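Enquirer: Just so it is clear, I am handing over protein-v6.cif, which has mmCIF, C-alpha atoms.
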data_upload
#
loop_
_atom_site.label_atom_id
_atom_site.label_comp_id
_atom_site.auth_asym_id
_atom_site.auth_seq_id
_atom_site.Cartn_x
_atom_site.Cartn_y
_atom_site.Cartn_z
CA MET D 1026 76.78 136.84 32.65
CA LYS D 1027 76.84 136.23 36.42
CA THR D 1028 73.12 135.47 36.35
CA ILE D 1029 73.66 132.84 33.65
CA GLU D 1030 76.55 131.27 35.59
CA LYS D 1031 74.41 131.17 38.75
CA LYS D 1032 71.51 129.50 36.94
CA THR D 1033 73.91 126.99 35.35
CA LYS D 1034 75.29 126.02 38.78
CA GLU D 1035 71.77 125.75 40.19
CA ASN D 1036 70.77 123.46 37.33
CA ILE D 1037 73.83 121.28 37.93
CA HIS D 1038 73.04 121.02 41.66
CA SER D 1039 69.37 120.34 40.90
CA LYS D 1040 70.20 117.45 38.55
CA HIS D 1041 72.73 116.08 41.03
CA ARG D 1042 70.10 116.16 43.79
CA GLN D 1043 67.61 114.37 41.56
CA ARG D 1044 70.17 111.62 40.86
CA LEU D 1045 71.00 111.41 44.59
CA ARG D 1046 67.31 111.09 45.53
CA HIS D 1047 66.93 108.36 42.92
CA ILE D 1048 69.94 106.47 44.30
CA ILE D 1049 68.69 106.80 47.88
CA TYR D 1050 65.19 105.62 46.98
CA ASN D 1051 66.38 102.59 45.02
CA SER D 1052 69.17 101.56 47.37
CA ASN D 1053 69.25 99.42 50.50
CA PHE D 1054 72.09 101.71 51.69
CA ASP D 1055 74.65 98.88 51.61
CA ASN D 1056 76.17 100.26 48.42
CA LEU D 1057 76.19 103.90 49.58
CA THR D 1058 79.02 105.78 51.21
CA GLU D 1059 78.47 107.75 54.40
CA VAL D 1060 79.31 110.89 52.39
CA GLN D 1061 76.41 110.19 50.02
CA ILE D 1062 74.00 109.57 52.89
CA LEU D 1063 75.03 112.75 54.70
CA GLU D 1064 74.97 114.69 51.46
CA TYR D 1065 71.35 113.64 50.95
CA VAL D 1066 70.42 114.52 54.54
CA LEU D 1067 71.93 117.98 54.09
CA THR D 1068 69.97 118.62 50.88
CA LEU D 1069 66.79 118.44 52.97
CA SER D 1070 67.75 121.61 54.84
CA ILE D 1071 70.24 123.38 52.53
CA PRO D 1072 68.62 124.53 49.24
CA ARG D 1073 70.48 125.19 45.98
CA LYS D 1074 73.98 124.43 47.25
CA ASP D 1075 76.52 121.66 46.78
CA THR D 1076 76.35 119.73 50.06
CA ASN D 1077 79.13 117.25 49.22
CA PRO D 1078 81.97 119.39 50.67
CA ILE D 1079 79.92 119.95 53.85
CA ALA D 1080 79.33 116.21 54.21
CA HIS D 1081 83.08 115.65 53.91
CA ARG D 1082 83.79 118.28 56.55
CA LEU D 1083 81.32 116.65 58.95
CA LEU D 1084 82.94 113.24 58.53
CA ASP D 1085 86.44 114.71 58.81
CA GLU D 1086 85.44 116.17 62.16
CA PHE D 1087 83.21 113.43 63.63
CA LYS D 1088 84.62 110.36 61.75
CA THR D 1089 81.32 108.44 61.37
CA ILE D 1090 77.74 109.29 60.45
CA ALA D 1091 76.61 107.95 63.84
CA ASN D 1092 78.89 110.46 65.56
CA VAL D 1093 77.46 113.24 63.40
CA PHE D 1094 73.94 112.51 64.63
CA GLU D 1095 75.16 112.11 68.22
CA ALA D 1096 77.08 115.43 68.12
CA ASP D 1097 75.62 118.28 70.11
CA TYR D 1098 74.24 121.44 68.53
CA SER D 1099 77.20 123.66 69.49
CA SER D 1100 79.67 121.25 67.85
CA LEU D 1101 77.64 121.05 64.64
CA ILE D 1102 77.38 124.78 64.05
CA ASN D 1103 81.17 125.06 64.28
CA ILE D 1104 81.41 123.18 60.98
CA GLU D 1105 81.69 125.43 57.93
CA GLY D 1106 78.44 125.33 55.98
CA ILE D 1107 76.31 124.17 58.92
CA GLY D 1108 74.00 126.93 60.08
CA SER D 1109 71.59 127.02 62.97
CA GLU D 1110 68.66 125.53 61.04
CA THR D 1111 70.71 122.67 59.58
CA ALA D 1112 72.14 121.82 63.01
CA LYS D 1113 68.60 121.72 64.40
CA HIS D 1114 67.54 119.57 61.45
CA ILE D 1115 70.29 117.03 62.15
CA LYS D 1116 69.39 116.88 65.85
CA ALA D 1117 65.69 116.49 64.99
CA LEU D 1118 66.50 113.59 62.67
CA SER D 1119 68.51 111.84 65.40
CA LYS D 1120 65.45 112.03 67.65
CA LEU D 1121 63.28 110.70 64.83
CA PHE D 1122 65.64 107.74 64.29
CA TYR D 1123 65.56 106.99 68.01
CA TYR D 1124 61.75 107.12 68.05
CA TYR D 1125 61.60 104.80 65.06
CA ARG D 1126 63.94 102.23 66.70
CA THR D 1127 62.03 102.22 69.97
CA SER D 1128 58.49 102.47 68.57
CA SER D 1129 58.35 98.70 68.12
CA THR D 1130 57.86 98.43 71.88
CA THR D 1131 54.44 100.05 71.49
CA LYS D 1132 53.08 97.60 68.90
CA THR D 1133 49.82 95.79 69.56
CA VAL D 1134 51.65 92.49 70.01
CA LYS D 1135 53.55 93.01 73.25
CA PRO D 1136 57.03 91.46 73.47
CA VAL D 1137 57.43 88.66 76.00
CA LEU D 1138 60.62 88.78 78.09
CA THR D 1139 61.73 85.72 80.03
CA THR D 1140 65.52 85.37 79.65
CA PRO D 1141 68.53 87.70 79.99
CA LYS D 1142 68.92 87.58 76.19
CA ASP D 1143 65.27 88.69 75.83
CA PHE D 1144 65.96 91.58 78.20
CA VAL D 1145 69.07 92.62 76.27
CA ASP D 1146 67.25 92.47 72.92
CA HIS D 1147 64.45 94.61 74.35
CA PHE D 1148 66.62 97.31 75.92
CA THR D 1149 69.31 97.53 73.23
CA PRO D 1150 67.32 99.88 70.92
CA PHE D 1151 66.92 102.26 73.86
CA LEU D 1152 70.58 102.20 74.89
CA GLU D 1153 72.74 101.51 71.83
CA SER D 1154 75.03 104.31 70.66
CA LYS D 1155 74.28 106.41 73.73
CA THR D 1156 77.30 108.44 74.87
CA VAL D 1157 76.03 108.91 78.44
CA GLU D 1158 74.49 106.47 80.89
CA GLU D 1159 70.71 106.07 80.85
CA PHE D 1160 68.51 103.99 83.14
CA TYR D 1161 65.27 102.30 82.05
CA VAL D 1162 62.52 100.27 83.71
CA ALA D 1163 60.31 97.78 81.84
CA CYS D 1164 56.92 96.99 83.39
CA LEU D 1165 55.79 93.40 82.77
CA THR D 1166 52.51 91.54 83.14
CA ALA D 1167 52.19 88.22 84.97
CA ASN D 1168 52.79 86.58 81.55
CA SER D 1169 56.06 88.52 81.12
CA GLU D 1170 54.56 90.82 78.45
CA VAL D 1171 55.96 94.35 78.30
CA VAL D 1172 53.40 96.96 79.29
CA LYS D 1173 55.65 100.02 79.20
CA THR D 1174 59.34 100.93 79.10
CA ILE D 1175 60.26 104.24 80.74
CA LEU D 1176 63.46 106.29 81.03
CA ILE D 1177 64.04 106.93 84.73
CA GLY D 1178 67.50 108.48 84.70
CA THR D 1179 70.08 110.23 82.49
CA GLY D 1180 73.63 110.87 83.66
CA THR D 1181 77.21 111.25 82.45
CA GLN D 1182 79.66 108.93 80.69
CA ASN D 1183 80.25 106.95 83.88
CA SER D 1184 77.32 107.56 86.22
CA VAL D 1185 73.55 107.97 86.29
CA ASP D 1186 71.08 109.18 88.90
CA ILE D 1187 67.69 107.50 89.13
CA ASN D 1188 64.67 109.77 89.19
CA MET D 1189 62.74 108.05 91.98
CA PRO D 1190 59.54 110.16 91.59
CA VAL D 1191 59.37 109.13 87.90
CA LEU D 1192 59.93 105.49 88.87
CA ILE D 1193 57.22 105.60 91.53
CA SER D 1194 54.81 107.32 89.13
CA THR D 1195 55.53 104.66 86.49
CA LEU D 1196 54.86 101.84 88.93
CA THR D 1197 51.65 103.33 90.28
CA THR D 1198 50.36 104.18 86.80
CA HIS D 1199 51.08 100.91 85.01
CA LYS D 1200 50.81 98.55 88.02
CA PRO D 1201 53.25 95.90 86.74
CA ASN D 1202 53.29 92.35 88.04
CA MET D 1203 57.08 92.36 87.76
CA VAL D 1204 59.88 94.66 86.65
CA VAL D 1205 63.17 94.51 84.75
CA ILE D 1206 65.64 97.39 84.95
CA ALA D 1207 68.56 98.18 82.64
CA HIS D 1208 71.21 100.76 82.03
CA ASN D 1209 74.26 101.17 79.80
CA HIS D 1210 78.01 101.57 80.21
CA PRO D 1211 79.32 103.64 77.26
CA ASN D 1212 82.91 102.61 78.08
CA GLY D 1213 82.48 99.10 76.62
CA ILE D 1214 82.79 97.30 79.97
CA PRO D 1215 79.59 95.84 81.48
CA THR D 1216 81.09 95.20 84.93
CA PRO D 1217 78.78 96.50 87.71
CA SER D 1218 80.19 99.27 89.90
CA GLY D 1219 79.52 99.91 93.57
CA PRO D 1220 76.89 102.54 92.68
CA ASP D 1221 75.25 100.00 90.33
CA TYR D 1222 74.80 97.58 93.23
CA ASN D 1223 73.53 100.38 95.48
CA ALA D 1224 71.01 101.47 92.83
CA THR D 1225 69.81 97.88 92.49
CA LYS D 1226 69.35 97.62 96.26
CA LYS D 1227 67.46 100.92 96.33
CA ILE D 1228 65.07 99.86 93.56
CA PHE D 1229 64.72 96.35 94.99
CA ASP D 1230 63.74 97.89 98.34
CA LEU D 1231 61.08 100.11 96.73
CA LEU D 1232 59.66 97.24 94.69
CA SER D 1233 59.56 94.96 97.74
CA TYR D 1234 57.54 97.60 99.57
CA MET D 1235 55.10 97.65 96.63
CA ASN D 1236 55.10 93.82 96.41
CA ILE D 1237 56.57 93.86 92.86
CA PRO D 1238 59.35 91.35 92.03
CA LEU D 1239 62.54 92.63 90.42
CA VAL D 1240 63.30 90.03 87.73
CA ASP D 1241 66.72 91.28 86.64
CA HIS D 1242 69.06 94.22 86.25
CA ILE D 1243 70.82 94.27 82.87
CA ILE D 1244 73.92 96.33 82.06
CA ILE D 1245 74.51 96.76 78.31
CA SER D 1246 77.88 97.87 76.98
CA GLY D 1247 78.36 97.60 73.24
CA SER D 1248 77.88 93.95 72.26
CA LYS D 1249 78.45 92.76 75.86
CA TYR D 1250 76.08 92.62 78.79
CA TYR D 1251 75.84 91.67 82.45
CA SER D 1252 72.81 90.05 84.08
CA PHE D 1253 72.48 90.45 87.86
CA LYS D 1254 70.15 87.45 87.91
CA ALA D 1255 72.37 85.12 85.87
CA GLU D 1256 75.51 86.04 87.78
CA GLY D 1257 73.90 85.57 91.22
CA ALA D 1258 74.27 89.24 92.16
CA LEU D 1259 70.52 89.81 92.45
CA GLU D 1260 70.26 87.11 95.10
CA LEU D 1261 73.06 88.77 97.09
CA VAL D 1262 71.34 92.13 96.79
CA GLU D 1263 68.17 90.59 98.19
CA GLN D 1264 70.02 88.93 101.06
CA ALA D 1265 71.94 92.08 101.94
CA LEU D 1266 68.76 94.13 101.89
CA ARG D 1267 66.48 91.75 103.76
CA ALA D 1268 68.94 90.60 106.42
CA ASP D 1269 71.07 93.75 106.56
CA ASN D 1270 73.93 91.28 106.74
CA ALA D 1271 77.40 92.82 106.52
CA HIS D 1272 78.81 89.57 105.15
CA CYS D 1273 76.43 89.69 102.17
CA SER D 1274 77.26 93.35 101.58
CA ASN D 1275 80.96 92.51 101.56
CA LYS D 1276 80.29 89.73 99.04
CA LEU D 1277 78.74 92.27 96.70
CA PHE D 1278 81.91 94.30 96.59
CA GLU D 1279 84.06 91.17 96.34
CA MET D 1280 81.98 90.35 93.25
CA ILE D 1281 82.92 93.72 91.73
CA ALA D 1282 86.60 92.82 91.92
CA LEU D 1283 85.92 89.29 90.66
CA ASN D 1284 83.97 90.56 87.66
CA LYS D 1285 86.81 92.87 86.67
CA SER D 1286 89.19 89.92 86.47
CA LYS D 1287 86.62 87.91 84.49
CA LEU D 1288 86.77 90.39 81.64
CA SER D 1289 90.34 89.40 80.86
CA SER D 1290 90.24 85.70 81.78
CA ASP D 1291 86.76 84.66 80.58
CA ASP D 1292 85.73 87.17 77.94
CA ASN D 1293 83.25 84.80 76.26
CA LYS D 1294 81.11 84.97 79.40
CA TRP D 1295 80.28 88.58 78.65
CA GLY D 1296 77.69 88.88 75.94
#
Would you mind writing the file out in structure tokens?

Expert:
Amino acid sequence: MKTIEKKTKENIHSKHRQRLRHIIYNSNFDNLTEVQILEYVLTLSIPRKDTNPIAHRLLDEFKTIANVFEADYSSLINIEGIGSETAKHIKALSKLFYYYRTSSTTKTVKPVLTTPKDFVDHFTPFLESKTVEEFYVACLTANSEVVKTILIGTGTQNSVDINMPVLISTLTTHKPNMVVIAHNHPNGIPTPSGPDYNATKKIFDLLSYMNIPLVDHIIISGSKYYSFKAEGALELVEQALRADNAHCSNKLFEMIALNKSKLSSDDNKWG
């Protein structure tokens, strides 16, 4: 009797999975719930079991499907029904999604970046939804075509350290005519901090030594961004570095305070 009941349940789950695969294949995902999407993802690693309750538990804990894929391994395996292999499967899929989003930068037709909006559009796939700060450099040709975009630093929620050996290796390998750098602020505020200005000065100094222009430094935070070039901060960085002028250095930090007030008084300026 138990064997018959078990086979009956397996048949029910099998038919449900077939219907779910059919819905997923024929849908553009707009008419699907996050539970259905997660349920399907879980069927790829959990055989012969109803994954709907597990999908609900994941969303109850992490609130959104994006948060599920951003969750770390130790948090995932704490969810009832999520074993080691399924947690690894979810983390592997998040890496696959990231690779898919950023793979467009390696297409034969190289993107051309000339404006702050171009820079933001280029770096957003690398930085969106990241819960910690990351720092990237884009190597450009003389015609502003992207040769390579490289991660040069990973940090915490409010800071990032630049890996200078990786940056130097990138510059010597790809020999760019010019460079754009970018990083993210996960807190939703694109205002540059003191360390952001210092990092810009440090990279500007290195690039100057190698005779490579720094075109811009972009900070992306949600749908908002800050352009060092557009806001005049890059010019002050150059002046402070070249002249070692205390007045210019003071202006940089005055700009930090000014930018903080801009967020409340001139919000349309940001993004």

Enquirer: Identify all residues satisfying the PyMOL selection byres ((chain D and resi 1254) around 10) in the given file; provide them as a list in words.

Expert: Thr1140, Pro1141, Leu1239, Val1240, Asp1241, His1242, Ile1243, Tyr1251, Ser1252, Phe1253, Ala1255, Glu1256, Gly1257, Ala1258, Leu1259, Glu1260 and Leu1261 of chain D

Enquirer: Using the chain letters and numbers from this file, what does the PyMOL selection byres ((chain D and resi 1186) around 9) select? Give the answer as a ChimeraX atom specification.

Expert: /D:1159-1160,1177-1180,1184-1185,1187-1189,1224

Enquirer: Using the chain letters and numbering of this document, enumerate as an NGL selection string the residues selected by the PyMOL selection byres ((chain D and resi 1247) around 12).

Expert: :D and (1145 or 1149-1150 or 1152-1156 or 1208-1215 or 1244-1246 or 1248-1251 or 1295-1296)

Enquirer: Just the number, please: distance in Å from CA of Thr1197 in chain D to CA of Met1235 in chain D, one decimal.

Expert: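 Between CA of Thr1197 in chain D and CA of Met1235 in chain D the gap works out to 9.2 Å.
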
Enquirer: Neighbours of Asn1077 in chain D within 8 Å (all atoms listed in the file; same-chain residues fewer than 6 positions away dropped), as a ChimeraX atom specification?

Expert: /D:1060-1061,1064

Enquirer: Quick one: pull the distance between CA of Ser1169 in chain D and CA of Lys1227 in chain D, Å, one decimal.

Expert: 22.7 Å

Enquirer: What would range 1099-1110 of chain D look like with all heavy atoms in place, written as an mmCIF file, keeping the file's coordinate frame?

Expert:
data_model
loop_
_atom_site.group_PDB
_atom_site.id
_atom_site.type_symbol
_atom_site.label_atom_id
_atom_site.label_comp_id
_atom_site.auth_asym_id
_atom_site.auth_seq_id
_atom_site.Cartn_x
_atom_site.Cartn_y
_atom_site.Cartn_z
ATOM 1 N N SER D 1099 76.094 122.697 69.509
ATOM 2 C CA SER D 1099 77.200 123.660 69.490
ATOM 3 C C SER D 1099 78.378 123.140 68.664
ATOM 4 O O SER D 1099 79.094 123.925 68.029
ATOM 5 C CB SER D 1099 77.656 123.978 70.914
ATOM 6 O OG SER D 1099 78.083 122.808 71.591
ATOM 7 N N SER D 1100 78.589 121.823 68.659
ATOM 8 C CA SER D 1100 79.670 121.250 67.850
ATOM 9 C C SER D 1100 79.326 121.288 66.366
ATOM 10 O O SER D 1100 80.194 121.525 65.516
ATOM 11 C CB SER D 1100 79.944 119.805 68.276
ATOM 12 O OG SER D 1100 80.363 119.732 69.621
ATOM 13 N N LEU D 1101 78.065 121.064 66.045
ATOM 14 C CA LEU D 1101 77.640 121.050 64.640
ATOM 15 C C LEU D 1101 77.769 122.415 63.978
ATOM 16 O O LEU D 1101 78.249 122.520 62.844
ATOM 17 C CB LEU D 1101 76.196 120.548 64.536
ATOM 18 C CG LEU D 1101 75.970 119.054 64.803
ATOM 19 C CD1 LEU D 1101 74.483 118.748 64.915
ATOM 20 C CD2 LEU D 1101 76.614 118.195 63.719
ATOM 21 N N ILE D 1102 77.369 123.451 64.681
ATOM 22 C CA ILE D 1102 77.380 124.780 64.050
ATOM 23 C C ILE D 1102 78.800 125.327 63.888
ATOM 24 O O ILE D 1102 78.994 126.347 63.220
ATOM 25 C CB ILE D 1102 76.513 125.811 64.823
ATOM 26 C CG1 ILE D 1102 77.023 125.981 66.251
ATOM 27 C CG2 ILE D 1102 75.051 125.410 64.794
ATOM 28 C CD1 ILE D 1102 76.306 127.104 66.996
ATOM 29 N N ASN D 1103 79.779 124.657 64.477
ATOM 30 C CA ASN D 1103 81.170 125.060 64.280
ATOM 31 C C ASN D 1103 81.723 124.584 62.947
ATOM 32 O O ASN D 1103 82.811 124.988 62.544
ATOM 33 C CB ASN D 1103 82.059 124.526 65.415
ATOM 34 C CG ASN D 1103 81.892 125.308 66.707
ATOM 35 O OD1 ASN D 1103 81.568 126.494 66.682
ATOM 36 N ND2 ASN D 1103 82.102 124.645 67.826
ATOM 37 N N ILE D 1104 80.978 123.706 62.282
ATOM 38 C CA ILE D 1104 81.410 123.180 60.980
ATOM 39 C C ILE D 1104 81.015 124.160 59.886
ATOM 40 O O ILE D 1104 79.855 124.598 59.813
ATOM 41 C CB ILE D 1104 80.776 121.806 60.700
ATOM 42 C CG1 ILE D 1104 81.105 120.819 61.826
ATOM 43 C CG2 ILE D 1104 81.256 121.279 59.358
ATOM 44 C CD1 ILE D 1104 82.584 120.571 62.030
ATOM 45 N N GLU D 1105 81.967 124.499 59.024
ATOM 46 C CA GLU D 1105 81.690 125.430 57.930
ATOM 47 C C GLU D 1105 80.569 124.904 57.042
ATOM 48 O O GLU D 1105 80.603 123.755 56.601
ATOM 49 C CB GLU D 1105 82.959 125.629 57.089
ATOM 50 C CG GLU D 1105 82.783 126.616 55.940
ATOM 51 C CD GLU D 1105 84.020 126.705 55.061
ATOM 52 O OE1 GLU D 1105 85.079 126.162 55.464
ATOM 53 O OE2 GLU D 1105 83.927 127.306 53.973
ATOM 54 N N GLY D 1106 79.566 125.725 56.819
ATOM 55 C CA GLY D 1106 78.440 125.330 55.980
ATOM 56 C C GLY D 1106 77.232 124.847 56.763
ATOM 57 O O GLY D 1106 76.145 124.696 56.215
ATOM 58 N N ILE D 1107 77.411 124.607 58.064
ATOM 59 C CA ILE D 1107 76.310 124.170 58.920
ATOM 60 C C ILE D 1107 75.794 125.367 59.713
ATOM 61 O O ILE D 1107 76.468 125.867 60.615
ATOM 62 C CB ILE D 1107 76.738 123.051 59.896
ATOM 63 C CG1 ILE D 1107 77.226 121.835 59.132
ATOM 64 C CG2 ILE D 1107 75.580 122.675 60.813
ATOM 65 C CD1 ILE D 1107 76.172 121.122 58.332
ATOM 66 N N GLY D 1108 74.614 125.839 59.347
ATOM 67 C CA GLY D 1108 74.000 126.930 60.080
ATOM 68 C C GLY D 1108 73.105 126.435 61.194
ATOM 69 O O GLY D 1108 72.991 125.225 61.434
ATOM 70 N N SER D 1109 72.449 127.359 61.833
ATOM 71 C CA SER D 1109 71.590 127.020 62.970
ATOM 72 C C SER D 1109 70.463 126.072 62.568
ATOM 73 O O SER D 1109 70.205 125.074 63.255
ATOM 74 C CB SER D 1109 71.001 128.301 63.569
ATOM 75 O OG SER D 1109 70.085 127.997 64.595
ATOM 76 N N GLU D 1110 69.791 126.343 61.457
ATOM 77 C CA GLU D 1110 68.660 125.530 61.040
ATOM 78 C C GLU D 1110 69.082 124.111 60.640
ATOM 79 O O GLU D 1110 68.392 123.137 60.933
ATOM 80 C CB GLU D 1110 67.920 126.199 59.880
ATOM 81 C CG GLU D 1110 67.191 127.478 60.262
ATOM 82 C CD GLU D 1110 66.225 127.259 61.418
ATOM 83 O OE1 GLU D 1110 65.437 126.284 61.352
ATOM 84 O OE2 GLU D 1110 66.265 128.037 62.386
#
